[in-house]
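Trainee: This is target27.pdb (PDB, C-alpha atoms).
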ATOM      1  CA  MET J   1      -2.357   8.557  28.523
ATOM      2  CA  ASN J   2      -5.855   8.626  27.018
ATOM      3  CA  GLU J   3      -4.344   9.462  23.633
ATOM      4  CA  LEU J   4      -1.914   6.560  23.907
ATOM      5  CA  ILE J   5      -4.698   4.132  24.845
ATOM      6  CA  ALA J   6      -6.814   5.338  21.920
ATOM      7  CA  VAL J   7      -3.948   4.940  19.434
ATOM      8  CA  ALA J   8      -3.113   1.483  20.815
ATOM      9  CA  THR J   9      -6.735   0.303  20.678
ATOM     10  CA  ILE J  10      -7.332   1.520  17.125
ATOM     11  CA  THR J  11      -4.026   0.074  15.944
ATOM     12  CA  VAL J  12      -4.652  -3.369  17.438
ATOM     13  CA  LEU J  13      -8.164  -3.549  15.974
ATOM     14  CA  ALA J  14      -6.892  -2.471  12.556
ATOM     15  CA  VAL J  15      -3.989  -4.916  12.607
ATOM     16  CA  ILE J  16      -5.991  -8.035  13.492
ATOM     17  CA  SER J  17      -8.751  -7.370  10.954
ATOM     18  CA  PRO J  18      -8.325  -9.734   7.953
ATOM     19  CA  GLY J  19      -6.944  -8.151   4.799
ATOM     20  CA  PRO J  20      -4.259  -8.431   2.108
ATOM     21  CA  ASP J  21      -1.412  -8.581   4.651
ATOM     22  CA  PHE J  22      -3.012 -11.547   6.399
ATOM     23  CA  ALA J  23      -3.623 -13.443   3.158
ATOM     24  CA  MET J  24      -0.092 -12.840   1.890
ATOM     25  CA  VAL J  25       1.645 -13.852   5.143
ATOM     26  CA  THR J  26      -0.576 -16.930   5.456
ATOM     27  CA  ARG J  27       0.286 -18.056   1.914
ATOM     28  CA  ASN J  28       4.031 -17.482   2.324
ATOM     29  CA  SER J  29       4.097 -19.259   5.689
ATOM     30  CA  TYR J  30       2.307 -22.481   4.834
ATOM     31  CA  ALA J  31       3.985 -22.662   1.429
ATOM     32  CA  PHE J  32       7.572 -21.833   2.343
ATOM     33  CA  GLY J  33       7.905 -22.023   6.132
ATOM     34  CA  SER J  34       8.371 -19.710   9.073
ATOM     35  CA  ARG J  35      11.522 -17.946   7.827
ATOM     36  CA  ILE J  36       9.829 -16.607   4.702
ATOM     37  CA  GLY J  37       6.680 -15.834   6.669
ATOM     38  CA  LEU J  38       8.611 -13.844   9.270
ATOM     39  CA  PHE J  39      10.444 -11.835   6.626
ATOM     40  CA  SER J  40       7.070 -11.079   5.032
ATOM     41  CA  ALA J  41       5.812  -9.864   8.418
ATOM     42  CA  LEU J  42       8.875  -7.625   8.782
ATOM     43  CA  GLY J  43       8.210  -6.206   5.325
ATOM     44  CA  ILE J  44       4.665  -5.311   6.357
ATOM     45  CA  ALA J  45       5.975  -3.484   9.443
ATOM     46  CA  CYS J  46       8.386  -1.508   7.262
ATOM     47  CA  GLY J  47       5.593  -0.707   4.804
ATOM     48  CA  VAL J  48       3.589   0.942   7.589
ATOM     49  CA  GLN J  49       6.378   3.488   7.990
ATOM     50  CA  VAL J  50       5.816   4.707   4.434
ATOM     51  CA  HIS J  51       2.289   5.776   5.413
ATOM     52  CA  VAL J  52       3.512   7.254   8.695
ATOM     53  CA  PHE J  53       6.223   9.357   7.063
ATOM     54  CA  TYR J  54       4.136  10.897   4.308
ATOM     55  CA  THR J  55       1.325  11.532   6.777
ATOM     56  CA  MET J  56       3.743  13.246   9.162
ATOM     57  CA  PHE J  57       5.029  15.509   6.415
ATOM     58  CA  GLY J  58       1.634  16.390   5.024
ATOM     59  CA  ILE J  59       2.015  14.543   1.709
ATOM     60  CA  ALA J  60      -0.949  12.298   2.549
ATOM     61  CA  VAL J  61      -3.225  15.352   2.562
ATOM     62  CA  LEU J  62      -2.236  16.067  -1.027
ATOM     63  CA  ILE J  63      -2.993  12.476  -2.000
ATOM     64  CA  VAL J  64      -6.429  12.254  -0.411
ATOM     65  CA  GLU J  65      -7.423  15.692  -1.718
ATOM     66  CA  SER J  66      -6.413  14.819  -5.274
ATOM     67  CA  PRO J  67      -8.847  12.352  -6.881
ATOM     68  CA  THR J  68      -6.280  11.574  -9.580
ATOM     69  CA  LEU J  69      -3.435  10.788  -7.177
ATOM     70  CA  PHE J  70      -5.666   8.771  -4.871
ATOM     71  CA  MET J  71      -7.101   6.783  -7.794
ATOM     72  CA  ALA J  72      -3.583   6.133  -9.097
ATOM     73  CA  MET J  73      -2.544   4.764  -5.708
ATOM     74  CA  LYS J  74      -5.642   2.568  -5.575
ATOM     75  CA  ILE J  75      -5.013   1.175  -9.055
ATOM     76  CA  ILE J  76      -1.348   0.421  -8.333
ATOM     77  CA  GLY J  77      -2.208  -1.269  -5.025
ATOM     78  CA  ALA J  78      -5.096  -3.212  -6.547
ATOM     79  CA  SER J  79      -2.964  -4.350  -9.485
ATOM     80  CA  TYR J  80      -0.253  -5.693  -7.180
ATOM     81  CA  LEU J  81      -2.722  -7.667  -5.059
ATOM     82  CA  ILE J  82      -4.482  -9.046  -8.130
ATOM     83  CA  PHE J  83      -1.080 -10.096  -9.488
ATOM     84  CA  LEU J  84      -0.280 -11.976  -6.257
ATOM     85  CA  GLY J  85      -3.751 -13.505  -6.268
ATOM     86  CA  TYR J  86      -3.406 -14.641  -9.869
ATOM     87  CA  LYS J  87      -0.069 -16.321  -9.101
ATOM     88  CA  SER J  88      -1.624 -18.203  -6.177
ATOM     89  CA  LEU J  89      -4.797 -19.073  -8.090
ATOM     90  CA  THR J  90      -2.903 -20.497 -11.069
ATOM     91  CA  ASN J  91      -0.081 -22.144  -9.097
ATOM     92  CA  LYS J  92       0.587 -25.649 -10.432
ATOM     93  CA  THR J  93       3.644 -26.484  -8.344
ATOM     94  CA  LYS J  94       2.918 -29.131  -5.739
ATOM     95  CA  LEU J  95       4.789 -28.427  -2.531
ATOM     96  CA  MET J  96       5.734 -31.347  -0.320
ATOM     97  CA  PHE J  97       6.075 -31.041   3.435
ATOM     98  CA  GLY J  98       9.694 -31.403   4.549
ATOM     99  CA  GLU J  99      11.140 -30.648   1.118
ATOM    100  CA  THR J 100      12.914 -27.449   0.161
ATOM    101  CA  SER J 101      11.227 -25.846  -2.803
ATOM    102  CA  ASN J 102      13.384 -24.212  -5.469
ATOM    103  CA  ILE J 103      10.589 -21.735  -6.125
ATOM    104  CA  ALA J 104      10.627 -20.362  -2.587
ATOM    105  CA  PRO J 105      11.308 -16.623  -2.540
ATOM    106  CA  SER J 106      14.518 -15.377  -0.958
ATOM    107  CA  PRO J 107      14.253 -13.558   2.388
ATOM    108  CA  ALA J 108      14.806 -10.278   0.507
ATOM    109  CA  ALA J 109      11.990 -11.109  -1.915
ATOM    110  CA  ALA J 110       9.666 -12.021   0.974
ATOM    111  CA  LEU J 111      10.559  -8.762   2.720
ATOM    112  CA  ARG J 112       9.842  -6.840  -0.475
ATOM    113  CA  MET J 113       6.526  -8.649  -0.954
ATOM    114  CA  GLY J 114       5.379  -7.732   2.550
ATOM    115  CA  PHE J 115       6.582  -4.152   2.132
ATOM    116  CA  LEU J 116       4.771  -3.596  -1.167
ATOM    117  CA  THR J 117       1.569  -5.287   0.004
ATOM    118  CA  ASN J 118       1.271  -2.818   2.862
ATOM    119  CA  ALA J 119       2.871   0.290   1.345
ATOM    120  CA  LEU J 120       0.557   0.131  -1.701
ATOM    121  CA  ASN J 121      -2.587  -0.422   0.361
ATOM    122  CA  PRO J 122      -4.646   2.810   0.472
ATOM    123  CA  LYS J 123      -6.701   1.404   3.349
ATOM    124  CA  THR J 124      -3.585   1.424   5.539
ATOM    125  CA  MET J 125      -2.949   4.990   4.457
ATOM    126  CA  LEU J 126      -6.461   6.010   5.502
ATOM    127  CA  PHE J 127      -6.041   4.207   8.844
ATOM    128  CA  VAL J 128      -2.829   6.132   9.561
ATOM    129  CA  ILE J 129      -4.340   9.461   8.476
ATOM    130  CA  ALA J 130      -7.448   8.850  10.595
ATOM    131  CA  THR J 131      -5.312   8.051  13.634
ATOM    132  CA  TYR J 132      -3.197  11.169  13.338
ATOM    133  CA  THR J 133      -6.020  13.565  12.466
ATOM    134  CA  GLN J 134      -8.782  12.278  14.751
ATOM    135  CA  VAL J 135      -6.971  10.787  17.747
ATOM    136  CA  VAL J 136      -3.541  12.384  18.063
ATOM    137  CA  GLN J 137      -3.711  15.929  19.441
ATOM    138  CA  PRO J 138      -2.367  18.796  17.286
ATOM    139  CA  ASP J 139       0.032  19.853  20.055
ATOM    140  CA  SER J 140       1.703  16.429  20.266
ATOM    141  CA  THR J 141       5.460  16.662  19.836
ATOM    142  CA  LEU J 142       7.247  15.337  16.770
ATOM    143  CA  SER J 143       8.892  12.661  18.903
ATOM    144  CA  GLN J 144       5.491  11.533  20.192
ATOM    145  CA  ASN J 145       4.110  11.322  16.669
ATOM    146  CA  PHE J 146       7.056   9.256  15.481
ATOM    147  CA  ALA J 147       6.719   7.048  18.563
ATOM    148  CA  TYR J 148       3.103   6.328  17.599
ATOM    149  CA  GLY J 149       4.329   5.391  14.130
ATOM    150  CA  ILE J 150       6.906   2.998  15.573
ATOM    151  CA  PHE J 151       4.183   1.453  17.728
ATOM    152  CA  MET J 152       1.994   0.910  14.648
ATOM    153  CA  SER J 153       4.845  -0.867  12.881
ATOM    154  CA  ALA J 154       5.687  -2.931  15.960
ATOM    155  CA  ALA J 155       2.061  -4.009  16.339
ATOM    156  CA  HIS J 156       1.974  -5.143  12.704
ATOM    157  CA  TRP J 157       5.271  -6.988  13.111
ATOM    158  CA  VAL J 158       4.193  -8.824  16.277
ATOM    159  CA  TRP J 159       0.761  -9.820  14.978
ATOM    160  CA  PHE J 160       1.908 -11.017  11.561
ATOM    161  CA  SER J 161       4.875 -12.837  13.081
ATOM    162  CA  ILE J 162       2.350 -14.759  15.186
ATOM    163  CA  VAL J 163       0.316 -15.451  12.044
ATOM    164  CA  ALA J 164       3.462 -16.646  10.260
ATOM    165  CA  LEU J 165       4.511 -18.968  13.079
ATOM    166  CA  PHE J 166       0.979 -20.366  13.391
ATOM    167  CA  PHE J 167       0.610 -21.283   9.723
ATOM    168  CA  ALA J 168       4.226 -22.479   9.463
ATOM    169  CA  ALA J 169       3.894 -24.820  12.455
ATOM    170  CA  PRO J 170       4.688 -28.355  11.220
ATOM    171  CA  ALA J 171       1.280 -29.875  11.985
ATOM    172  CA  MET J 172      -0.617 -26.945  10.472
ATOM    173  CA  ARG J 173       1.644 -26.663   7.452
ATOM    174  CA  LYS J 174       1.423 -30.385   6.702
ATOM    175  CA  ARG J 175      -2.374 -30.290   6.941
ATOM    176  CA  ILE J 176      -2.615 -27.299   4.611
ATOM    177  CA  LEU J 177      -0.142 -28.656   2.053
ATOM    178  CA  GLU J 178      -2.208 -31.836   1.813
ATOM    179  CA  ARG J 179      -4.977 -29.581   0.493
ATOM    180  CA  GLN J 180      -2.669 -27.121  -1.222
ATOM    181  CA  GLY J 181      -4.655 -26.821  -4.436
ATOM    182  CA  ILE J 182      -7.843 -25.796  -2.663
ATOM    183  CA  VAL J 183      -6.100 -23.461  -0.209
ATOM    184  CA  ASP J 184      -3.993 -21.791  -2.920
ATOM    185  CA  LYS J 185      -7.100 -21.101  -4.966
ATOM    186  CA  GLY J 186      -8.912 -19.758  -1.902
ATOM    187  CA  ILE J 187      -6.032 -17.417  -1.076
ATOM    188  CA  GLY J 188      -5.802 -16.383  -4.722
ATOM    189  CA  ILE J 189      -9.489 -15.538  -4.943
ATOM    190  CA  ALA J 190      -9.298 -13.625  -1.650
ATOM    191  CA  LEU J 191      -6.343 -11.532  -2.840
ATOM    192  CA  ILE J 192      -8.009 -10.776  -6.168
ATOM    193  CA  ALA J 193     -11.233  -9.790  -4.396
ATOM    194  CA  LEU J 194      -9.328  -7.614  -1.905
ATOM    195  CA  GLY J 195      -7.409  -6.004  -4.748
ATOM    196  CA  ALA J 196     -10.594  -5.268  -6.664
ATOM    197  CA  SER J 197     -12.190  -3.814  -3.533
ATOM    198  CA  LEU J 198      -9.385  -1.250  -3.224
ATOM    199  CA  VAL J 199     -10.659   0.490  -6.344
ATOM    200  CA  PHE J 200     -13.863   1.260  -4.467
ATOM    201  CA  THR J 201     -12.092   2.522  -1.332
ATOM    202  CA  LYS J 202     -13.492   5.907  -0.388
ATOM    203  CA  ILE J 203     -12.037   8.629   1.796
ATOM    204  CA  THR J 204     -14.026   8.559   5.032
ATOM    205  CA  THR J 205     -11.544  10.240   7.371
TER     206      THR J 205
END
Kindly present the structure from the file in structure tokens form.

Mentor:
Amino acid sequence: MNELIAVATITVLAVISPGPDFAMVTRNSYAFGSRIGLFSALGIACGVQVHVFYTMFGIAVLIVESPTLFMAMKIIGASYLIFLGYKSLTNKTKLMFGETSNIAPSPAAALRMGFLTNALNPKTMLFVIATYTQVVQPDSTLSQNFAYGIFMSAAHWVWFSIVALFFAAPAMRKRILERQGIVDKGIGIALIALGASLVFTKITT
């Protein structure tokens, strides 16, 4: 029970802390509505499982112990976030509340965006590794370990679904779209800064 409480507490604190996932879901929700935002949230939850699986099978140890592999992961993750940030920062398309935009991503594209944003984030990898190596007991069963992984994904899905619904709410979305240029640039700068910060992520687990 103590182990479960510890995993739950760490997961919730990690999930609600602002980061690339939050910025990406916020942007997709106010720009394209709740459906795209919710698919982005689902993609994030699926991305968590990538970190869980390679941690469970010991591959994460190889990554964190190899400076070259870890740097490669950081560069790939940083590049993807900077790319998303650049697209938001340089966006010239004016979105109108109540109109369907022909540039809106498909649900599959939104799912993929959420998945890649999380799966390529080395900070999520370090969070998962830290949880399994410092909180979960070595004698925990395989089913327990997978259950913790499912809980991590579920927590991400619930939280970012709430974020998506909040920023896609008609009143909120209308208010943001009235200031779309400023908000898009703010989100773009945040994503670029978060991407750049990944390069300096250090192994502290």

Trainee: Neighbouring residues of Asn91 (chain J) were defined as those with any atom within 12 Å, considering only C-alpha atoms; residues of the same chain fewer than 3 positions away were excluded. Please report them as an MDAnalysis selection string.

Mentor: chainID J and resid 27 31 84:88 94:95 103 180:188

Trainee: For region 51-56 of chain J, list every protein, DNA or RNA residue within 10 Å, evaluated using all atoms listed in the file, and leave out those in the same chain fewer than 2 positions away; present the list as number ranges by chain.

Mentor: J: 46-49, 58-63, 118-122, 124-130, 132-133, 142, 145-146, 148-150, 152-153

Trainee: Tell me, in Å to one decimal, how far CA of Leu38 (chain J) is from CA of Gly114 (chain J).

Mentor: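 Calculated distance between CA of Leu38 (chain J) and CA of Gly114 (chain J) is 9.6 Å.
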
Trainee: So, with only C-alpha atoms as the atoms that count, which of J:Val199, J:Ala169, J:Ala108, J:Ala23 lies closest to Gly43 (chain J)?

Mentor: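 The closest residue to Gly43 (chain J) is J:Ala108.
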
Trainee: Can you measure CA of Phe22 (chain J) to CA of Gln144 (chain J) for me? One decimal in Å is fine.

Mentor: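 So the answer is 28.2 Å.
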
Trainee: Looking at J:Thr117, J:Thr68, J:Ser143, J:Ser197, which one is nearest to Leu81 (chain J), with distances taken over only C-alpha atoms?

Mentor: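 Looking at the shortest contact to Leu81 (chain J), the residue is J:Thr117.
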
Trainee: Could you state the separation of CA of Phe167 (chain J) and CA of Val50 (chain J) in Å, given to one decimal place?

Mentor: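 We find that CA of Phe167 (chain J) and CA of Val50 (chain J) lie 27.0 Å from each other.
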
Trainee: Which of these residues is nearest to Ile36 (chain J), using all atoms listed in the file: J:Ala104, J:Ala196, J:Ala8, J:Leu116?

Mentor: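 Checking each of J:Ala104, J:Ala196, J:Ala8, J:Leu116 against Ile36 (chain J), counting all atoms listed in the file, the winner is J:Ala104.
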
Trainee: Of the residues J:Phe83, J:Phe151, J:Trp159, J:Phe166, which is the one nearest to Ile189 (chain J), using all atoms listed in the file?

Mentor: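 Ranked by minimum distance to Ile189 (chain J), first place goes to J:Phe83.
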
Trainee: I'd like to see the residues matched by the PyMOL selection byres ((chain J and resi 78) around 7) on this file, and ideally I'd get them as a JSON list (two decimals) with C-alpha atoms, in the frame of the given file.

Mentor:
[["chain", "number", "residue", "atom", "x", "y", "z"],
["J", 74, "LYS", "CA", -5.64, 2.57, -5.58],
["J", 75, "ILE", "CA", -5.01, 1.18, -9.06],
["J", 76, "ILE", "CA", -1.35, 0.42, -8.33],
["J", 77, "GLY", "CA", -2.21, -1.27, -5.03],
["J", 79, "SER", "CA", -2.96, -4.35, -9.48],
["J", 80, "TYR", "CA", -0.25, -5.69, -7.18],
["J", 81, "LEU", "CA", -2.72, -7.67, -5.06],
["J", 82, "ILE", "CA", -4.48, -9.05, -8.13],
["J", 195, "GLY", "CA", -7.41, -6.00, -4.75],
["J", 196, "ALA", "CA", -10.59, -5.27, -6.66],
["J", 198, "LEU", "CA", -9.38, -1.25, -3.22],
["J", 199, "VAL", "CA", -10.66, 0.49, -6.34]]

Trainee: May I ask which of the residues J:Thr90, J:Asn2, J:Ser29, J:Ser161 is the closest one to Lys174 (chain J), counting all atoms listed in the file?

Mentor: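 Among the listed residues, the smallest separation from Lys174 (chain J) belongs to J:Ser29.
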
Trainee: Given the file shown, determine the residues that the PyMOL selection byres ((chain J and resi 6) around 12) selects; report them as a VMD selection string.

Mentor: chain J and resid 1 to 5 7 to 13 130 to 132 134 to 137 148
